[in-house]
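Comments concern the structure below.
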Amino acid sequence: MALFVAEYGPHEAETIVFLHGGGGAGWMWQPQVDALSADYHLLVPDLPEQGRSTDAGPFSMASAAEQIAQLIAERAGGAPVHLVGLSEGAQVVVQMLASYPDLAATAIVSSALVRPLPGAGAMSSAAMLRWSYRLSIAPLRNADWWIRLNMRSAVGVPDEFFPQFRESFRTLSENGWIDLMTANQKFRLPAGLDRVSARVLTVCGAGEYQAMKLSARDIASAIPGARAREVRHAKKLSLAQQHNWNMTAPALFTQMVRAWVSGRELPSELAEIG
């Protein structure tokens, strides 16, 4: 298959599939790989048109869901499968749950947008996205200062991941950018979530946009038995850092994954959405 996939851990163990946020790649899950690979079989793909899966596009939620389902069929070996998605990867998880309602045993959906962001409409057209790419990405793909500024302020990725972030920034194509952003902004609750058999947890940062909190509630309401929680971090984090919290609060994120996959009590930092 055209998707690049990194694989870790014992093949006979339960499988966790990690789906990264838009514009990134599987490297975003390194803290979880380090913490979980001794106990679980991990599949960490680069999503279509991103990272080392640039030839697997064009990106769409339906196509990405289909390719990940194929990956699971080929590599999970019949063991229970657990889906973990962040941001655009979380949207893919939602699409997978709707398209393949019996595929997963559990799923964690972190910050999956299914509502429009206020003021985002004008910026979501293909023409505006093409303009933004040509202005802010293409001419600056070799400017480390600009890449580092975006990494810190726009997406809240820690400095230690700068080499990986820089590579993802440099390899993202114009069409890839348009496809990713269009799919992200236009994604809404898909039909079929009422048939999902998995235990599903939807989460978002307590300081994220209201549209993100409402999206978490919407998804949980559409799936039988699903739970919606917001993450209340002990230390102050920016909105971007709360969004990509698997890297900015990796121990807590990993604790949540272990708890949800095994059916244990969730960390106290995950509270009812206020």
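Every chain in the structure tokens has a letter given in the order shown (A, B, ...), and although residue numbers restart at 1 in each chain, ligands are simply numbered from 1 in the order shown.
Residues with any atom within 9 Å of A:Glu265, counting only C-alpha atoms and excluding same-chain neighbours fewer than 4 positions away, are Met256, Ala259 and Trp260 of chain A.
Here atom CA of A:Leu189 is placed at a distance of 17.7 Å from atom CA of A:Pro118.
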Run DSSP on the backbone of this structure and report the residues of stretch 69-242 of chain A it assigns to strand (DSSP E), as a ChimeraX atom specification. /A:81-86,106-110,199-205,227-231
Just the helix (DSSP H, G or I) stuff from stretch 4-82 of chain A, please, per backbone DSSP, written as JSON, numbers by chain. {"A": [26, 27, 28, 29, 30, 31, 32, 33, 34, 35, 36, 54, 55, 56, 61, 62, 63, 64, 65, 66, 67, 68, 69, 70, 71, 72, 73, 74, 75]}
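Nearest residue to A:Ser110 among A:Thr171, A:Ser262, A:Thr202, A:Ser153 is A:Thr202, counting only C-alpha atoms.
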